[in-house]
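*Asks:* So that we are looking at the same thing, I have put the structure below in structure tokens.
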Amino acid sequence: MGFSTLIDIMGATIIGGILLIMVNSLNERAVGTNIIYGNDKMLQLEVVQLADLIETDFRKIGYCENPAKVTDSMSVILSADTSQIKFITDLNRDGNLDTLEYSVSSTAVLSNTVNPRDRILYRKHSTYPVEETLDISSNITVFNLRYFDALNNELSSPVTSPSLIKYMEISFKVEDSEAYDLQYSEAYWQQVRLTSRNLGKR
Amino acid sequence: MGGKVSLLLIMGFSGLFGIMGQNLLNFSNEASDNFYDYYTDTRSHNIAVSGANMAANKLFVDKTWMDGWDDISIDGGSLTVTVEKFNINNRRIYSIGSYRGASDTVIVTLQPKNFAQYGNFYDENGAWWATGDTLRGPFHTNDWIRTYGRPVFLGNATTKKGVKLFNKHAHPEFHGSLESGVYIPLEFDTSIIRIAAFDNGKIFTDTTGKKKTTDVDLVLNSDGTVKYSVNIDNKGWTPDVTVPLNTLAPNGVIYVEKGNVFIKGTLNGQLSVIATGKGTEGTIHITGDVKYNKDPRIDPTSTDMLGLIGAEKVQLDFDPTRGDIDIQASIYSQEDGLVIEKYKDYPAAHNMNLLGGVIGKELRATAEYKWDGTKYIVTNGYSYIRTFDERFYDIVPPAFPNTKYFKIISWLE
């Protein structure tokens with residue numbers, strides 16, 4: 001006990017302090033990584049679910065269980081813009097024509113979130129007399145549709161003659177509504193060439 | 001003492017790292033699983049789509065194919081396709097693709113494609129479709145679709161050779177789908193119509209058995225009757241006979257063997273008229289307006305429909321005093337097109353209001369044009385004003401020729 005003991009105690013305190021700082025820093029990084037990884041995973045799940053839904057819906061553009069109800073004189077795509085599309089389909093396969101519309105809100109609708117870019121993606125299914133609007137994602141920051149005619153020429157949006165549309169490019173991005181350390185997790189999906197076989201089947 | 005503390009520290013940190021690592025690994029695994037599920041779903045979907053395409057192709061090649069495939073290996077997965085008949089002539093393909101536990105089904109419905117279901121069908125297409133041309137109903141050619149300016153194709157367009165653009169300013173508008181590499185032979189079996197006519201229709205033939213040319217003059221009346229006379233071997237016309245159409249040809253099929261038909265009037269009912277023979281026979285001559293008693297554009301309940309089938313050609317006979325003409329029928333011309341006889345000799349330009357379709361070997365000129373300094377204008381002959389009769393998608397004139405192929409009317413993924 002004496003000077004060497006004092007040195008021991010001071011040394012232990014310094015080493016212990018360093019260790020504590022390391023543990024604290026490690027904990028902070030672990031929490032951050034956990035949050036980022038967790039958010040990434042949630043966003044990726046959301047991307048896949050959205051992609052599944054969009055692909056299934058868009059492949060049914062112009063489909064009807066009773067094909068005679070879709071005539072040449074009707075355009076199966078009713079309106080088409082960069083972030084909005086409305087088309088004829090038969091979602092529940094009951095032989096009656098429904099309309100389905102995808103659109104996004106403005107960013108002002110989600111102004112209470114930290115992310116300034118996030119918006120709501122709506123899916124509106126109209127089967128007379130019931131109309132159902134679902135908010136299918138509130139993490140959308142990009143929902144972009146491009147349209148092409150039969151000769152692969154891009155059509156300018158909004159498309160004035162939707163019956164010219166034969167192919168579509170769909171892309172969307174989802175982001176966290178809250179940032180961690182000023183970083184937003186994000187996930188992106190794109191279908192470069194999607195078409196419905198029922199756009200021109202006759 | 002120091003050794004124990006170090007050991008405890010190492011064990012503690014190892015534990016902490018282990019738990020954190022496990023968590024991160026879980027996140028990573030779940031994200032991978034998520035995309036793996038999406039990948040397997042997409043893969044099984046693609047296999048099902050491929051199966052549906054393969055089966056549809058089989059049916060296009062062989063209309064009688066019903067075998068399907070049972071659990072065949074494809075692209076790392078498996079495929080089962082079944083084909084069933086329904087509504088007598090229709091087919092339905094069920095294609096089930098499986099890939100590592102995921103499976104997806106595609107259902108395709110097909111029905112025989114009838115020539116009357118085309119607004120325009122040309123085996124050869126030398127004409128350039130140009131600005132101002134609006135083609136309604138399905139279009140097909142076993143040639144190029146030649147385009148100049150901005151012609152509009154409102155129905156589904158198919159072509160064997162593709163689309164030829166006259167220059168960089170050519171922007172054809174295809175409002176239906178466009179498919180290249182599609183060959184549909186312009187051929188049909190006249191015996192099928194003969195059997196139908198023999199069964200419950202009317203056959204006009206040389207009753208002397210000498211197989212001389214038999215010409216028939218038909219005037220359709222709006223009260224459902226038809227006035228006809230016959231001229232065999234050009235020896236003179238028989239006296240007119242007027243009978244109800246459903247008495248003359250209860251199933252609506254009139255077959256003229258080795259001869260020509262001269263037709264005009266207003267049809268009340270459903271009728272197909274075929275003229276068979278070659279050279280100077282096998283021609284349907286349109287001598288005046290051929291209209292429906294009830295125009296389906298005005299009265300959608302109209303069941304009046306007419307098919308004109310020329311084994312040689314269908315011709316609008318020359319009449320310089322006629323003026324505009326209405327033709328409401330689906331017209332099939334095996335060796336030619338819709339011919340406007342001596343179109344250059346008409347003293348003025350007139351309209352041909354056509355409700356139905358033109359199916360022929362080639363597109364024929366109908367009018368003479370002149371450049372007025374800014375555009376071409378019609379000076380003599382007839383300008384087409386065509387409208388496709390959309391009823392033909394579902395119902396066609398009696399015994400109107402079928403193509404060799406099915407058409408896809410519904411595709412469910």
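Going by the structure tokens order, chains are called A, B, ..., each with residues numbered from 1, while ligands are numbered from 1 in the order shown.
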Show me, as a PyMOL selection string, the residues that have an atom within 8 Å of range 186-194 of chain A when counting only C-alpha atoms, minus same-chain residues fewer than 2 positions from it.

*Replies:* chain A and resi 40+43-44+47+51+58-59+167-176+184+196

*Asks:* Keeping N, CA and C atoms, export the residues of the selection given above as a compact mmCIF listing (two decimals), in the first residue's frame.

*Replies:*
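Wrote it out as part-v1.txt, contents follow:
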# COMPACT_ATOMS: atom_id res chain seq x y z
N ASP A 40 -34.55 -0.42 -42.44
CA ASP A 40 -34.29 -0.97 -43.78
C ASP A 40 -35.15 -2.19 -44.03
N LEU A 43 -38.78 -1.27 -44.50
CA LEU A 43 -39.01 -0.63 -45.80
C LEU A 43 -38.93 -1.66 -46.93
N GLN A 44 -38.00 -2.58 -46.78
CA GLN A 44 -37.89 -3.61 -47.82
C GLN A 44 -39.13 -4.50 -47.85
N VAL A 47 -41.72 -2.48 -49.57
CA VAL A 47 -41.47 -2.44 -51.02
C VAL A 47 -41.99 -3.70 -51.68
N ALA A 51 -44.93 -3.86 -54.29
CA ALA A 51 -44.62 -4.35 -55.64
C ALA A 51 -45.57 -5.48 -56.01
N PHE A 58 -51.84 -4.13 -61.84
CA PHE A 58 -51.55 -3.59 -63.17
C PHE A 58 -51.62 -4.67 -64.26
N ARG A 59 -51.33 -5.91 -63.88
CA ARG A 59 -51.45 -6.99 -64.87
C ARG A 59 -52.91 -7.29 -65.18
N TYR A 167 -47.19 0.01 -72.88
CA TYR A 167 -46.22 -0.41 -71.87
C TYR A 167 -46.08 0.68 -70.82
N MET A 168 -45.64 0.26 -69.66
CA MET A 168 -45.44 1.23 -68.59
C MET A 168 -44.14 0.96 -67.88
N GLU A 169 -43.56 2.02 -67.38
CA GLU A 169 -42.44 1.88 -66.47
C GLU A 169 -42.90 2.42 -65.12
N ILE A 170 -42.76 1.60 -64.11
CA ILE A 170 -43.24 2.00 -62.79
C ILE A 170 -42.05 2.03 -61.84
N SER A 171 -41.91 3.11 -61.10
CA SER A 171 -40.87 3.13 -60.09
C SER A 171 -41.39 3.84 -58.84
N PHE A 172 -40.99 3.33 -57.72
CA PHE A 172 -41.36 4.03 -56.49
C PHE A 172 -40.27 3.85 -55.45
N LYS A 173 -40.26 4.81 -54.54
CA LYS A 173 -39.26 4.78 -53.45
C LYS A 173 -39.99 5.03 -52.14
N VAL A 174 -39.62 4.26 -51.16
CA VAL A 174 -40.17 4.51 -49.82
C VAL A 174 -39.04 4.94 -48.90
N GLU A 175 -39.35 5.83 -47.99
CA GLU A 175 -38.35 6.33 -47.03
C GLU A 175 -38.98 6.36 -45.64
N ASP A 176 -38.11 6.34 -44.66
CA ASP A 176 -38.58 6.51 -43.29
C ASP A 176 -39.29 7.84 -43.11
N TYR A 184 -32.14 9.06 -43.66
CA TYR A 184 -33.39 8.36 -43.91
C TYR A 184 -33.07 7.02 -44.58
N SER A 196 -50.10 -5.14 -69.61
CA SER A 196 -51.18 -6.07 -69.37
C SER A 196 -51.55 -6.70 -70.70

*Asks:* Which of range 32-191 of chain A counts as strand (DSSP E) under DSSP, as an MDAnalysis selection string please?

*Replies:* chainID A and resid 77:81 84:89 98:104 119:127 130:148 154:155 167:175 186:191

*Asks:* Please produce an output containing C-alpha atoms for each residue in the selection, written as an mmCIF file, in the first residue's frame.

*Replies:*
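Once everything was written out, this is part_1.cif:
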data_model
loop_
_atom_site.group_PDB
_atom_site.id
_atom_site.type_symbol
_atom_site.label_atom_id
_atom_site.label_comp_id
_atom_site.auth_asym_id
_atom_site.auth_seq_id
_atom_site.Cartn_x
_atom_site.Cartn_y
_atom_site.Cartn_z
ATOM 1 C CA ILE A 77 -56.927 3.148 -69.242
ATOM 2 C CA LEU A 78 -59.110 6.077 -68.317
ATOM 3 C CA SER A 79 -56.479 8.583 -67.237
ATOM 4 C CA ALA A 80 -52.732 8.510 -66.909
ATOM 5 C CA ASP A 81 -50.313 10.990 -65.423
ATOM 6 C CA GLN A 84 -51.688 8.840 -61.176
ATOM 7 C CA ILE A 85 -53.433 6.194 -63.224
ATOM 8 C CA LYS A 86 -57.027 5.043 -63.453
ATOM 9 C CA PHE A 87 -58.083 1.981 -65.376
ATOM 10 C CA ILE A 88 -60.816 -0.554 -65.975
ATOM 11 C CA THR A 89 -60.445 -3.984 -64.444
ATOM 12 C CA ASP A 98 -64.556 -1.963 -61.834
ATOM 13 C CA THR A 99 -62.244 0.990 -61.904
ATOM 14 C CA LEU A 100 -59.028 1.134 -59.971
ATOM 15 C CA GLU A 101 -57.062 4.277 -59.387
ATOM 16 C CA TYR A 102 -53.580 4.785 -58.000
ATOM 17 C CA SER A 103 -52.578 8.264 -56.941
ATOM 18 C CA VAL A 104 -50.401 10.052 -54.406
ATOM 19 C CA ARG A 119 -46.610 11.224 -49.184
ATOM 20 C CA ILE A 120 -49.532 8.802 -49.121
ATOM 21 C CA LEU A 121 -50.125 6.326 -51.913
ATOM 22 C CA TYR A 122 -53.853 5.792 -52.455
ATOM 23 C CA ARG A 123 -55.566 2.877 -54.115
ATOM 24 C CA LYS A 124 -59.175 3.627 -54.951
ATOM 25 C CA HIS A 125 -61.343 0.709 -56.027
ATOM 26 C CA SER A 126 -64.770 1.592 -57.366
ATOM 27 C CA THR A 127 -67.401 -1.048 -57.713
ATOM 28 C CA VAL A 130 -69.327 0.907 -53.139
ATOM 29 C CA GLU A 131 -66.160 2.932 -53.392
ATOM 30 C CA GLU A 132 -63.189 2.017 -51.310
ATOM 31 C CA THR A 133 -60.113 4.151 -50.847
ATOM 32 C CA LEU A 134 -57.121 2.666 -49.118
ATOM 33 C CA ASP A 135 -53.948 4.356 -47.975
ATOM 34 C CA ILE A 136 -51.594 1.629 -49.006
ATOM 35 C CA SER A 137 -48.394 3.384 -48.059
ATOM 36 C CA SER A 138 -47.521 6.492 -46.150
ATOM 37 C CA ASN A 139 -43.806 6.227 -46.773
ATOM 38 C CA ILE A 140 -43.850 6.936 -50.483
ATOM 39 C CA THR A 141 -41.460 9.641 -51.605
ATOM 40 C CA VAL A 142 -41.401 8.758 -55.304
ATOM 41 C CA PHE A 143 -44.207 7.199 -57.347
ATOM 42 C CA ASN A 144 -43.407 7.672 -60.963
ATOM 43 C CA LEU A 145 -45.167 6.290 -64.026
ATOM 44 C CA ARG A 146 -43.902 6.535 -67.590
ATOM 45 C CA TYR A 147 -45.959 5.433 -70.552
ATOM 46 C CA PHE A 148 -44.983 4.067 -73.969
ATOM 47 C CA GLU A 154 -42.630 7.635 -74.679
ATOM 48 C CA LEU A 155 -45.945 9.444 -74.318
ATOM 49 C CA TYR A 167 -46.215 -0.407 -71.871
ATOM 50 C CA MET A 168 -45.444 1.233 -68.587
ATOM 51 C CA GLU A 169 -42.437 1.878 -66.472
ATOM 52 C CA ILE A 170 -43.239 2.002 -62.787
ATOM 53 C CA SER A 171 -40.865 3.134 -60.091
ATOM 54 C CA PHE A 172 -41.356 4.028 -56.492
ATOM 55 C CA LYS A 173 -39.263 4.776 -53.450
ATOM 56 C CA VAL A 174 -40.173 4.509 -49.822
ATOM 57 C CA GLU A 175 -38.355 6.331 -47.029
ATOM 58 C CA GLU A 186 -34.882 4.107 -48.191
ATOM 59 C CA ALA A 187 -35.819 1.318 -50.579
ATOM 60 C CA TYR A 188 -36.439 1.568 -54.310
ATOM 61 C CA TRP A 189 -38.303 -0.640 -56.792
ATOM 62 C CA GLN A 190 -38.677 -0.365 -60.530
ATOM 63 C CA GLN A 191 -40.480 -2.373 -63.191
#

*Asks:* Could you check which of B:Arg100, B:Lys407, B:Lys361, B:Arg194 is closest to Tyr39 in chain B, using only C-alpha atoms?

*Replies:*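 That would be B:Arg100, the residue with the smallest distance to Tyr39 in chain B.
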
*Asks:* Give me the residues near Val339 in chain B as a PyMOL selection string, where near means some atom within 9 Å (using only C-alpha atoms) and where sequence neighbours in that chain fewer than 3 positions away do not count.

*Replies:* chain B and resi 313-317+336+342-343+363-366

*Asks:* When distances are computed from only C-alpha atoms, which of A:Asn153, A:Thr113, A:Ser185, A:Ser25 shows the smallest separation from chain B?

*Replies:*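 Selected residue with least distance to chain B: A:Asn153.
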